[in-house]
$ cat start.cif   # mmCIF, C-alpha atoms and all ligand atoms
data_final
#
loop_
_atom_site.label_atom_id
_atom_site.label_comp_id
_atom_site.auth_asym_id
_atom_site.auth_seq_id
_atom_site.Cartn_x
_atom_site.Cartn_y
_atom_site.Cartn_z
CA MET E 1 -20.68 1.92 -14.83
CA ASN E 2 -17.73 3.24 -16.80
CA VAL E 3 -14.20 2.05 -16.41
CA CYS E 4 -11.86 4.93 -15.73
CA THR E 5 -8.18 5.00 -16.48
CA VAL E 6 -5.35 6.78 -14.69
CA GLU E 7 -2.00 7.08 -16.49
CA VAL E 8 1.24 6.80 -14.53
CA GLY E 9 3.43 9.06 -16.67
CA LEU E 10 6.85 7.46 -16.48
CA GLY E 11 8.01 7.81 -20.08
CA ALA E 12 9.19 4.47 -21.46
CA ARG E 13 7.86 2.78 -18.31
CA ALA E 14 4.46 4.51 -18.34
CA TYR E 15 1.44 2.35 -17.64
CA ARG E 16 -2.24 2.66 -16.98
CA VAL E 17 -4.38 1.81 -13.99
CA GLU E 18 -7.87 0.68 -15.02
CA ILE E 19 -10.55 1.09 -12.36
CA GLY E 20 -14.09 -0.25 -12.44
CA PRO E 21 -16.36 -3.17 -11.62
CA GLY E 22 -16.08 -6.52 -13.40
CA LEU E 23 -12.50 -6.13 -14.65
CA LEU E 24 -11.44 -9.60 -13.52
CA ALA E 25 -13.90 -11.20 -15.93
CA GLU E 26 -12.46 -9.04 -18.71
CA ALA E 27 -8.81 -9.53 -17.76
CA GLY E 28 -7.96 -11.66 -20.82
CA ALA E 29 -9.09 -8.98 -23.23
CA ARG E 30 -7.68 -6.16 -21.08
CA LEU E 31 -4.22 -7.76 -20.95
CA ALA E 32 -4.09 -9.40 -24.40
CA ASP E 33 -1.76 -6.74 -25.85
CA LEU E 34 0.79 -7.55 -23.12
CA LEU E 35 0.59 -11.30 -23.75
CA PRO E 36 1.68 -11.86 -27.35
CA ARG E 37 2.89 -15.37 -26.42
CA ARG E 38 -0.49 -16.16 -24.93
CA ARG E 39 0.91 -17.66 -21.74
CA THR E 40 1.40 -16.45 -18.18
CA VAL E 41 1.66 -17.48 -14.52
CA VAL E 42 -0.75 -16.13 -11.89
CA ILE E 43 0.54 -15.93 -8.30
CA THR E 44 -2.02 -15.45 -5.54
CA ASP E 45 -2.76 -16.39 -1.93
CA ALA E 46 -5.13 -19.04 -0.59
CA HIS E 47 -7.91 -16.62 0.50
CA VAL E 48 -7.96 -14.86 -2.86
CA ALA E 49 -7.58 -18.10 -4.83
CA GLU E 50 -10.73 -19.52 -3.31
CA LEU E 51 -12.76 -16.44 -4.17
CA HIS E 52 -11.30 -14.93 -7.32
CA LEU E 53 -8.82 -17.18 -9.12
CA ALA E 54 -11.30 -19.21 -11.18
CA PRO E 55 -12.93 -16.15 -12.84
CA LEU E 56 -9.48 -14.81 -13.76
CA GLU E 57 -8.41 -18.17 -15.21
CA ARG E 58 -11.64 -18.32 -17.24
CA ALA E 59 -11.11 -14.80 -18.55
CA LEU E 60 -7.54 -15.56 -19.62
CA GLN E 61 -8.59 -18.83 -21.24
CA ALA E 62 -11.36 -17.05 -23.14
CA ALA E 63 -8.70 -14.78 -24.64
CA GLY E 64 -6.61 -17.80 -25.66
CA VAL E 65 -4.06 -17.33 -22.87
CA THR E 66 -2.70 -20.43 -21.10
CA ALA E 67 -2.34 -19.59 -17.42
CA ALA E 68 -0.62 -21.66 -14.76
CA SER E 69 -1.37 -20.61 -11.20
CA HIS E 70 0.45 -20.89 -7.91
CA VAL E 71 -1.15 -20.34 -4.52
CA LEU E 72 0.83 -19.09 -1.48
CA PRO E 73 -0.24 -18.97 2.17
CA PRO E 74 -1.99 -15.69 3.07
CA GLY E 75 -0.38 -13.21 5.45
CA GLU E 76 2.61 -10.94 5.89
CA GLN E 77 4.93 -13.92 6.62
CA THR E 78 4.66 -14.87 2.93
CA LYS E 79 6.57 -11.67 2.01
CA SER E 80 9.82 -13.43 2.95
CA TRP E 81 12.99 -15.02 1.56
CA ASP E 82 11.10 -18.35 1.45
CA GLY E 83 8.16 -16.78 -0.38
CA LEU E 84 10.52 -15.12 -2.83
CA ARG E 85 12.29 -18.40 -3.55
CA GLU E 86 8.95 -20.16 -4.03
CA VAL E 87 7.81 -17.57 -6.57
CA CYS E 88 11.12 -17.59 -8.46
CA GLU E 89 11.17 -21.41 -8.56
CA THR E 90 7.59 -21.44 -9.84
CA LEU E 91 8.55 -19.09 -12.67
CA LEU E 92 11.57 -21.29 -13.49
CA GLU E 93 9.40 -24.43 -13.43
CA HIS E 94 7.02 -22.86 -15.93
CA ARG E 95 10.00 -21.75 -18.03
CA LEU E 96 9.05 -18.09 -18.12
CA ASP E 97 11.59 -15.92 -19.83
CA ARG E 98 12.14 -12.23 -20.40
CA GLY E 99 9.42 -11.98 -23.02
CA ASP E 100 6.76 -13.26 -20.61
CA LEU E 101 4.90 -11.63 -17.77
CA VAL E 102 3.64 -12.77 -14.38
CA ILE E 103 0.36 -11.68 -12.79
CA ALA E 104 0.06 -10.76 -9.10
CA LEU E 105 -3.52 -11.39 -7.93
CA GLY E 106 -3.99 -10.33 -4.31
CA GLY E 107 -3.35 -7.70 -1.68
CA GLY E 108 -0.17 -5.79 -0.94
CA VAL E 109 1.63 -8.91 0.28
CA ILE E 110 1.28 -10.72 -3.06
CA GLY E 111 1.86 -7.51 -5.07
CA ASP E 112 5.07 -6.59 -3.22
CA LEU E 113 6.42 -10.16 -3.33
CA VAL E 114 5.59 -10.94 -6.95
CA GLY E 115 6.78 -7.50 -8.04
CA PHE E 116 10.14 -8.11 -6.38
CA ALA E 117 10.42 -11.61 -7.90
CA ALA E 118 9.64 -10.07 -11.31
CA ALA E 119 12.34 -7.42 -10.72
CA ILE E 120 15.09 -10.01 -10.20
CA PHE E 121 13.90 -13.03 -12.22
CA LYS E 122 16.29 -13.34 -15.16
CA ARG E 123 17.32 -9.72 -14.35
CA GLY E 124 13.76 -8.51 -14.71
CA ILE E 125 10.53 -9.57 -16.37
CA ASP E 126 7.21 -7.76 -16.75
CA PHE E 127 4.40 -8.07 -14.27
CA VAL E 128 0.79 -7.01 -13.94
CA GLN E 129 -0.96 -6.11 -10.71
CA ILE E 130 -4.54 -7.19 -10.07
CA PRO E 131 -4.98 -5.79 -6.55
CA THR E 132 -7.80 -7.30 -4.48
CA THR E 133 -7.69 -5.21 -1.28
CA LEU E 134 -8.64 -1.54 -1.02
CA LEU E 135 -5.15 -0.83 0.34
CA ALA E 136 -3.52 -2.48 -2.66
CA GLN E 137 -5.84 -0.74 -5.16
CA VAL E 138 -5.18 2.76 -3.82
CA ASP E 139 -1.56 2.40 -2.83
CA SER E 140 0.68 -0.66 -3.08
CA SER E 141 -0.15 -1.78 -6.64
CA VAL E 142 0.84 1.61 -8.08
CA GLY E 143 4.31 3.13 -8.04
CA GLY E 144 6.65 0.16 -8.34
CA LYS E 145 7.84 -0.28 -4.76
CA THR E 146 8.41 -4.01 -4.30
CA ALA E 147 9.98 -5.77 -1.34
CA ILE E 148 10.15 -8.60 1.16
CA ASP E 149 10.49 -8.45 4.93
CA VAL E 150 13.57 -9.84 6.69
CA THR E 151 14.34 -10.43 10.37
CA GLN E 152 16.08 -7.04 10.51
CA GLY E 153 12.93 -5.23 9.42
CA LYS E 154 10.01 -4.79 7.06
CA ASN E 155 10.48 -4.05 3.34
CA LEU E 156 14.27 -3.88 3.76
CA ILE E 157 15.12 -5.97 0.68
CA GLY E 158 13.44 -4.79 -2.48
CA ALA E 159 13.56 -2.88 -5.73
CA PHE E 160 11.70 -0.26 -7.72
CA HIS E 161 10.02 -2.20 -10.53
CA GLN E 162 6.94 -0.73 -12.20
CA PRO E 163 4.08 -2.99 -13.32
CA ARG E 164 3.02 -2.95 -16.98
CA ARG E 165 -0.64 -2.48 -16.06
CA VAL E 166 -2.87 -2.42 -12.99
CA LEU E 167 -6.46 -3.69 -13.04
CA CYS E 168 -8.50 -2.49 -10.05
CA ASP E 169 -11.72 -4.53 -10.10
CA LEU E 170 -13.97 -2.79 -7.57
CA GLY E 171 -16.23 -5.87 -7.45
CA VAL E 172 -13.63 -8.04 -5.71
CA LEU E 173 -13.73 -5.73 -2.66
CA ALA E 174 -17.17 -7.18 -1.79
CA THR E 175 -15.49 -10.28 -0.33
CA LEU E 176 -12.93 -8.35 1.69
CA PRO E 177 -13.35 -8.64 5.50
CA ALA E 178 -14.73 -5.37 6.95
CA ARG E 179 -11.61 -4.84 9.04
CA GLU E 180 -9.38 -5.05 5.94
CA LEU E 181 -11.66 -2.61 4.12
CA ARG E 182 -11.37 -0.07 6.95
CA ALA E 183 -7.59 -0.54 7.00
CA GLY E 184 -7.50 0.28 3.27
CA PHE E 185 -9.65 3.36 3.90
CA ALA E 186 -6.82 4.74 6.05
CA GLU E 187 -4.66 4.91 2.92
CA VAL E 188 -7.50 6.68 1.07
CA LEU E 189 -7.92 9.40 3.69
CA LYS E 190 -4.11 9.74 3.85
CA TYR E 191 -4.25 11.30 0.34
CA GLY E 192 -6.70 13.96 1.51
CA LEU E 193 -4.63 14.69 4.59
CA LEU E 194 -1.36 14.97 2.70
CA GLY E 195 -2.35 17.01 -0.29
CA ASP E 196 -6.04 17.59 -1.08
CA GLU E 197 -8.31 19.25 1.45
CA ALA E 198 -11.27 19.14 -0.95
CA PHE E 199 -10.91 15.36 -1.24
CA PHE E 200 -10.69 15.13 2.56
CA ALA E 201 -13.93 17.14 2.86
CA TRP E 202 -15.53 14.87 0.24
CA LEU E 203 -14.50 11.84 2.34
CA GLU E 204 -16.03 13.45 5.44
CA ALA E 205 -19.31 13.54 3.54
CA HIS E 206 -19.05 10.26 1.60
CA GLY E 207 -16.68 8.03 3.62
CA ALA E 208 -19.54 5.89 4.93
CA ALA E 209 -20.76 5.28 1.37
CA VAL E 210 -17.25 4.30 0.30
CA LEU E 211 -17.05 1.82 3.19
CA ALA E 212 -20.50 0.50 2.22
CA LEU E 213 -18.99 -0.14 -1.25
CA ASP E 214 -21.55 2.07 -3.01
CA GLU E 215 -20.32 1.93 -6.58
CA ALA E 216 -19.99 5.59 -7.58
CA PRO E 217 -18.41 6.89 -4.32
CA LEU E 218 -16.09 3.87 -4.19
CA ALA E 219 -14.98 4.44 -7.77
CA HIS E 220 -14.35 8.14 -7.07
CA ALA E 221 -12.34 7.37 -3.90
CA VAL E 222 -10.13 4.82 -5.69
CA GLU E 223 -9.71 6.99 -8.79
CA ARG E 224 -8.78 10.14 -6.84
CA SER E 225 -6.34 8.20 -4.64
CA VAL E 226 -4.67 6.52 -7.62
CA ALA E 227 -4.53 9.82 -9.52
CA MET E 228 -2.76 11.52 -6.59
CA LYS E 229 -0.32 8.66 -6.25
CA ALA E 230 0.32 8.55 -10.01
CA GLU E 231 1.03 12.28 -10.10
CA ILE E 232 3.52 12.07 -7.22
CA VAL E 233 5.23 8.93 -8.57
CA ALA E 234 5.56 10.47 -12.04
CA GLN E 235 7.37 13.46 -10.47
CA ASP E 236 9.56 11.53 -8.06
CA GLU E 237 9.68 7.83 -8.91
CA LEU E 238 12.67 6.98 -6.69
CA GLU E 239 11.61 9.06 -3.67
CA ALA E 240 14.29 11.71 -3.87
CA GLY E 241 11.80 14.27 -2.55
CA ARG E 242 8.05 14.67 -2.82
CA ARG E 243 7.20 10.95 -2.86
CA ALA E 244 8.13 10.85 0.84
CA LEU E 245 4.81 12.64 1.51
CA LEU E 246 3.10 9.32 0.78
CA ASN E 247 4.63 8.15 4.04
CA LEU E 248 2.41 10.44 6.13
CA GLY E 249 1.77 8.59 9.40
CA HIS E 250 4.25 5.85 8.54
CA THR E 251 7.06 6.74 10.97
CA PHE E 252 4.66 6.26 13.88
CA ALA E 253 2.96 3.33 12.10
CA HIS E 254 6.15 1.35 11.48
CA ALA E 255 7.30 1.77 15.10
CA LEU E 256 3.93 0.53 16.36
CA GLU E 257 3.83 -2.36 13.86
CA THR E 258 7.30 -3.42 14.98
CA GLU E 259 6.17 -3.34 18.62
CA THR E 260 3.00 -5.34 17.86
CA GLY E 261 4.69 -7.92 15.62
CA HIS E 262 3.38 -6.97 12.14
CA GLY E 263 0.25 -9.04 12.48
CA GLU E 264 -3.37 -9.25 13.51
CA ALA E 265 -2.90 -7.02 16.59
CA LEU E 266 -2.50 -3.98 14.33
CA LEU E 267 -2.99 -4.21 10.55
CA HIS E 268 -0.75 -2.00 8.38
CA GLY E 269 -3.65 0.26 7.35
CA GLU E 270 -4.81 0.57 10.97
CA ALA E 271 -1.29 1.59 11.94
CA VAL E 272 -1.29 4.17 9.13
CA GLY E 273 -4.63 5.62 10.32
CA LEU E 274 -3.36 5.90 13.88
CA GLY E 275 -0.04 7.22 12.58
CA CYS E 276 -1.83 9.99 10.64
CA ALA E 277 -3.78 11.00 13.77
CA LEU E 278 -0.49 11.11 15.72
CA ALA E 279 1.33 13.02 12.96
CA PHE E 280 -1.38 15.72 13.02
CA ARG E 281 -1.39 15.93 16.82
CA PHE E 282 2.43 16.10 16.81
CA SER E 283 2.24 18.89 14.20
CA ALA E 284 -0.22 20.75 16.45
CA ALA E 285 2.02 20.19 19.51
CA LEU E 286 4.94 21.73 17.57
CA GLY E 287 2.77 24.72 16.64
CA LEU E 288 2.80 23.78 12.95
CA CYS E 289 -0.93 23.26 12.50
CA SER E 290 -4.05 24.13 14.46
CA ASP E 291 -5.58 21.89 17.12
CA ALA E 292 -8.79 22.14 15.08
CA ASP E 293 -7.12 20.48 12.07
CA ALA E 294 -5.66 17.73 14.27
CA THR E 295 -9.11 17.11 15.75
CA ARG E 296 -10.68 17.10 12.28
CA ALA E 297 -8.12 14.54 11.02
CA SER E 298 -8.79 12.24 13.99
CA ALA E 299 -12.56 12.56 13.65
CA LEU E 300 -12.63 11.03 10.15
CA ILE E 301 -10.15 8.30 11.12
CA GLN E 302 -12.29 7.43 14.14
CA ALA E 303 -15.52 7.56 12.12
CA ALA E 304 -14.01 4.94 9.80
CA GLY E 305 -13.63 2.62 12.80
CA LEU E 306 -9.86 3.00 12.97
CA PRO E 307 -7.78 3.58 16.12
CA THR E 308 -6.68 7.15 16.83
CA GLN E 309 -5.13 6.68 20.29
CA LEU E 310 -2.24 4.50 21.48
CA CYS E 311 -4.44 3.14 24.29
CA GLU E 312 -6.65 1.41 21.67
CA VAL E 313 -3.79 -0.86 20.59
CA ALA E 314 -2.91 -4.15 22.32
CA GLY E 315 0.50 -3.63 23.92
CA HIS E 316 -0.37 -0.22 25.43
CA PRO E 317 1.38 1.37 27.25
CA PHE E 318 4.27 1.45 24.78
CA ALA E 319 7.78 2.41 25.89
CA VAL E 320 8.81 5.84 24.59
CA GLU E 321 12.45 4.85 24.10
CA ARG E 322 11.59 1.66 22.21
CA LEU E 323 9.30 3.60 19.85
CA ILE E 324 12.01 6.20 19.25
CA ALA E 325 14.61 3.46 18.63
CA HIS E 326 12.33 1.95 15.95
CA MET E 327 11.79 5.39 14.40
CA ALA E 328 15.57 5.86 14.14
CA GLN E 329 15.66 2.70 11.95
CA ASP E 330 13.06 4.16 9.56
CA LYS E 331 14.19 4.30 5.91
CA LYS E 332 13.61 8.10 5.98
CA ALA E 333 15.97 8.61 8.97
CA GLU E 334 19.32 10.08 7.91
CA GLY E 335 22.41 9.51 10.07
CA GLY E 336 20.20 8.89 13.09
CA ARG E 337 18.29 12.18 12.54
CA LEU E 338 14.54 11.65 12.80
CA THR E 339 12.45 12.54 9.76
CA PHE E 340 8.67 12.87 9.91
CA ILE E 341 5.97 13.86 7.49
CA LEU E 342 4.20 16.66 9.35
CA ALA E 343 1.51 19.11 8.27
CA HIS E 344 0.67 22.80 8.28
CA GLY E 345 -2.99 21.85 7.94
CA ILE E 346 -5.35 19.39 6.21
CA GLY E 347 -3.89 18.79 2.73
CA GLN E 348 -0.60 20.53 3.57
CA ALA E 349 1.94 17.85 4.49
CA PHE E 350 5.68 18.44 4.29
CA VAL E 351 8.91 16.58 5.05
CA ALA E 352 10.33 17.61 8.45
CA ARG E 353 13.98 16.60 8.89
CA GLY E 354 15.94 16.65 12.13
CA VAL E 355 12.93 16.54 14.46
CA GLU E 356 14.09 17.09 18.06
CA PRO E 357 14.02 13.78 19.99
CA GLU E 358 13.12 15.72 23.17
CA ALA E 359 9.97 17.17 21.56
CA LEU E 360 9.04 13.68 20.37
CA ARG E 361 9.62 12.25 23.88
CA ARG E 362 7.32 14.88 25.42
CA PHE E 363 4.69 14.22 22.75
CA LEU E 364 4.74 10.42 23.12
CA SER E 365 4.50 10.74 26.94
CA ARG E 366 1.52 13.03 26.56
CA GLU E 367 -0.04 10.38 24.27
CA GLY E 368 0.26 7.78 27.06
CA ALA E 369 3.57 6.07 26.23
CA ILE E 370 5.82 5.50 29.26
P1 LIG E 401 -2.69 -8.60 2.42
O1 LIG E 401 -2.15 -8.75 1.07
O2 LIG E 401 -2.12 -9.44 3.50
O3 LIG E 401 -4.27 -8.83 2.35
C1 LIG E 401 -5.02 -8.77 3.55
C2 LIG E 401 -5.86 -10.03 3.74
O4 LIG E 401 -6.98 -9.98 2.87
C3 LIG E 401 -5.13 -11.34 3.42
O5 LIG E 401 -5.57 -12.32 4.33
C4 LIG E 401 -5.66 -11.68 2.02
O6 LIG E 401 -5.62 -13.06 1.77
C5 LIG E 401 -7.06 -11.17 2.10
N1 LIG E 401 -7.67 -10.77 0.83
C6 LIG E 401 -7.10 -10.07 -0.16
N2 LIG E 401 -8.03 -9.75 -1.09
C7 LIG E 401 -9.20 -10.27 -0.68
C8 LIG E 401 -10.52 -10.27 -1.18
N3 LIG E 401 -10.83 -9.59 -2.29
N4 LIG E 401 -11.47 -10.92 -0.49
C9 LIG E 401 -11.17 -11.56 0.68
N5 LIG E 401 -9.96 -11.58 1.23
C10 LIG E 401 -8.98 -10.94 0.55
O7 LIG E 401 -2.59 -7.10 2.98
P2 LIG E 401 -2.76 -5.66 2.32
O8 LIG E 401 -3.32 -4.83 3.39
O9 LIG E 401 -3.43 -5.71 0.99
O10 LIG E 401 -1.25 -5.22 2.05
C11 LIG E 401 -0.35 -5.03 3.10
C12 LIG E 401 1.05 -5.11 2.53
O11 LIG E 401 1.20 -4.09 1.55
C13 LIG E 401 2.14 -4.90 3.55
O12 LIG E 401 3.14 -5.88 3.36
C14 LIG E 401 2.69 -3.53 3.22
O13 LIG E 401 4.07 -3.40 3.52
C15 LIG E 401 2.47 -3.47 1.74
N6 LIG E 401 2.39 -2.11 1.18
C16 LIG E 401 3.15 -1.83 0.10
C17 LIG E 401 3.09 -0.58 -0.49
C18 LIG E 401 3.89 -0.28 -1.73
O14 LIG E 401 3.93 0.87 -2.14
N7 LIG E 401 4.47 -1.27 -2.35
C19 LIG E 401 2.22 0.39 0.04
C20 LIG E 401 1.44 0.07 1.14
C21 LIG E 401 1.53 -1.20 1.70
N1 LIG E 402 3.39 3.66 -0.25
C1 LIG E 402 4.35 4.68 -0.34
C2 LIG E 402 4.95 4.82 -1.71
O1 LIG E 402 4.58 4.11 -2.61
O2 LIG E 402 5.81 5.62 -1.90
#

$ encode --input "start.cif" --output "structure tokens"
Amino acid sequence: MNVCTVEVGLGARAYRVEIGPGLLAEAGARLADLLPRRRTVVITDAHVAELHLAPLERALQAAGVTAASHVLPPGEQTKSWDGLREVCETLLEHRLDRGDLVIALGGGVIGDLVGFAAAIFKRGIDFVQIPTTLLAQVDSSVGGKTAIDVTQGKNLIGAFHQPRRVLCDLGVLATLPARELRAGFAEVLKYGLLGDEAFFAWLEAHGAAVLALDEAPLAHAVERSVAMKAEIVAQDELEAGRRALLNLGHTFAHALETETGHGEALLHGEAVGLGCALAFRFSAALGLCSDADATRASALIQAAGLPTQLCEVAGHPFAVERLIAHMAQDKKAEGGRLTFILAHGIGQAFVARGVEPEALRRFLSREGAI
């Protein structure tokens, strides 16, 4: 099976995303040009360390690279001030300086945390992403958004800091729990919904094969997702405009994640899947897209084993006013005005500013919130 490469065209900060099976075992050779000093630090979490750290260490060693590693507890709580301090202190302990790079091996939690540490360590050092969840391969490892969560909210302290390279080893997804795989699939279908109806139709036909990790369909799904993200990021790195489309479903998702405590009750990808279903039904309720498109969006989300209704989430019935209050805190909200990513149809998302709170109230009530 060939390795395919997607370029993220950001001029002096351009980088490539390599996608294929077996990349972890080749990581030393694939990263050698970025490691002239032949030393690095790998940061990962305990689940990933047990399954995938040793092969990476062997690959680096085979290329003559000395790699120290540091293992953090798994879970969203690691993306915190304490986690950030632990990563920065590890880099100090190993005396990394601005000519070195650090490797993030893990899901979006490790990628976001290590990316942010790399952004601020000695005013910025290089980092490489080796994403090990489907969500991280198709979304969080690409585009340079890095952050930690604080008590006031998720991802509120962070920086844009692009990785120097991303290695998406499709083989590591074999050890991912099925629920995490489905959550990542929500981010895949999001790309079809926001900007590529043909890809959405392809997912309707091949989604089950992607979830079964069949090599060719999986590679196509990751490559197409990364290519769409790369194209959008290259046009609008700092989210002044079009990049906001990548947040389809996220205004609903973040409100629901806040209500459910950012944990096992509702994984981020599950919230995004449900959020996309709600965004399409809200678009239909506002007369922006057809009911048929909203039904079609939900059908694929449901077929992937993801929630499409509020009543499927622990905590139902949710309070309308609490959800709206969370939405007003969203990073896209401007001066208290609600902003949503809505759609004129499958593959036709757009940024809708100043959405009427009354229309949202009616919609959420109709969806079963109280
Ligand atoms: P995660 O990093 O918590 O990983 C999910 C679980 O899977 C963890 O328990 C992890 O230990 C385990 N795991 C990871 N790889 C594995 C493997 N190959 N085999 C077995 N277990 C494995 O969660 P995630 O869903 O990857 O990422 C969610 C995070 O990503 C959130 O914090 C979210 O805010 C962030 N995010 C960031 C961006 C961005 O653009 N930066 C985009 C989307 C999401
Ligand atoms: N995950 C949304 C973005 O990268 O912009």

$ atom_distance --input "start.cif" --atom1 "atom CA of E:Leu256" --atom2 "atom CA of E:Ala46"
27.4 Å

$ residues_near_ligand --input "start.cif" --ligand "ligand LIG 402 (chain E)" --cutoff "8 Å" --atoms "only C-alpha atoms and all ligand atoms" --output "compact mmCIF listing (two decimals) with C-alpha atoms, in the frame of the given file"
# COMPACT_ATOMS: atom_id res chain seq x y z
CA ASP E 139 -1.56 2.40 -2.83
CA SER E 140 0.68 -0.66 -3.08
CA VAL E 142 0.84 1.61 -8.08
CA GLY E 143 4.31 3.13 -8.04
CA GLY E 144 6.65 0.16 -8.34
CA LYS E 145 7.84 -0.28 -4.76
CA LYS E 229 -0.32 8.66 -6.25
CA VAL E 233 5.23 8.93 -8.57
CA GLU E 239 11.61 9.06 -3.67
CA ARG E 243 7.20 10.95 -2.86
CA ALA E 244 8.13 10.85 0.84
CA LEU E 245 4.81 12.64 1.51
CA LEU E 246 3.10 9.32 0.78
CA ASN E 247 4.63 8.15 4.04

$ closest_residue --input "start.cif" --among "E:Gly28, E:Gly171, E:Pro177, E:Pro357" --to "E:Glu215" --atoms "only C-alpha atoms"
E:Gly171

$ axis_aligned_box --input "start.cif" --around "ligand LIG 401 (chain E)" --padding-each-side "5 Å" --output "AutoDock Vina command-line options"
--center_x -3.5 --center_y -6.1 --center_z 1.0 --size_x 25.9 --size_y 23.9 --size_z 16.7

$ residues_near_ligand --input "start.cif" --ligand "ligand LIG 401 (chain E)" --cutoff "7 Å" --atoms "all atoms listed in the file" --output "NGL selection string"
:E and (45-48 or 51 or 74-76 or 79 or 106-110 or 112 or 132-136 or 139-146 or 155 or 172-177 or 180 or 184 or 268-269)

$ residues_around --input "start.cif" --residues "E:Ala294" --least-positions-apart "6" --cutoff "10 Å" --atoms "only C-alpha atoms" --output "PyMOL selection string"
chain E and resi 276-285+343+345-346

$ closest_residue --input "start.cif" --among "E:Ala68, E:Leu267, E:Ile19, E:Val272" --to "E:Arg39" --atoms "all atoms listed in the file"
E:Ala68

$ closest_residue --input "start.cif" --among "E:Phe340, E:Phe350, E:Phe185, E:Tyr191" --to "E:Met228" --atoms "all atoms listed in the file"
E:Tyr191

$ closest_residue --input "start.cif" --among "E:Arg366, E:Arg165, E:His250, E:His262" --to "E:Leu274" --atoms "all atoms listed in the file"
E:His250

$ residues_around --input "start.cif" --residues "stretch 300-311 of chain E" --least-positions-apart "2" --cutoff "6 Å" --atoms "only C-alpha atoms" --output "list in words"
Glu270, Leu274, Ala277, Ala297, Ser298, Val313 and His316 of chain E

$ residues_around --input "start.cif" --residues "E:Ala314" --least-positions-apart "4" --cutoff "9 Å" --atoms "all atoms listed in the file" --output "PyMOL selection string"
chain E and resi 260+265-266+310

$ atom_distance --input "start.cif" --atom1 "atom CA of E:Cys4" --atom2 "atom CA of E:Val222"
10.2 Å

$ atom_distance --input "start.cif" --atom1 "atom CA of E:Cys289" --atom2 "atom CA of E:Ala349"
10.1 Å

$ closest_residue --input "start.cif" --among "E:Val42, E:Val3, E:Val87, E:Ile232" --to "E:Leu60" --atoms "only C-alpha atoms"
E:Val42

$ closest_residue --input "start.cif" --among "E:Ala216, E:Ala27, E:Ile341, E:Ile324" --to "E:Gly275" --atoms "only C-alpha atoms"
E:Ile341

$ residues_around --input "start.cif" --residues "E:Arg13" --least-positions-apart "2" --cutoff "9 Å" --atoms "all atoms listed in the file" --output "mmCIF file with C-alpha atoms, in the frame of the given file"
data_model
loop_
_atom_site.group_PDB
_atom_site.id
_atom_site.type_symbol
_atom_site.label_atom_id
_atom_site.label_comp_id
_atom_site.auth_asym_id
_atom_site.auth_seq_id
_atom_site.Cartn_x
_atom_site.Cartn_y
_atom_site.Cartn_z
ATOM 1 C CA VAL E 8 1.240 6.800 -14.530
ATOM 2 C CA GLY E 9 3.430 9.060 -16.670
ATOM 3 C CA LEU E 10 6.850 7.460 -16.480
ATOM 4 C CA GLY E 11 8.010 7.810 -20.080
ATOM 5 C CA TYR E 15 1.440 2.350 -17.640
ATOM 6 C CA GLN E 162 6.940 -0.730 -12.200
ATOM 7 C CA PRO E 163 4.080 -2.990 -13.320
ATOM 8 C CA ARG E 164 3.020 -2.950 -16.980
#

$ residues_around --input "start.cif" --residues "E:Glu259" --least-positions-apart "4" --cutoff "12 Å" --atoms "all atoms listed in the file" --output "ChimeraX atom specification"
/E:153,252-255,263,265-266,271,310,313-327
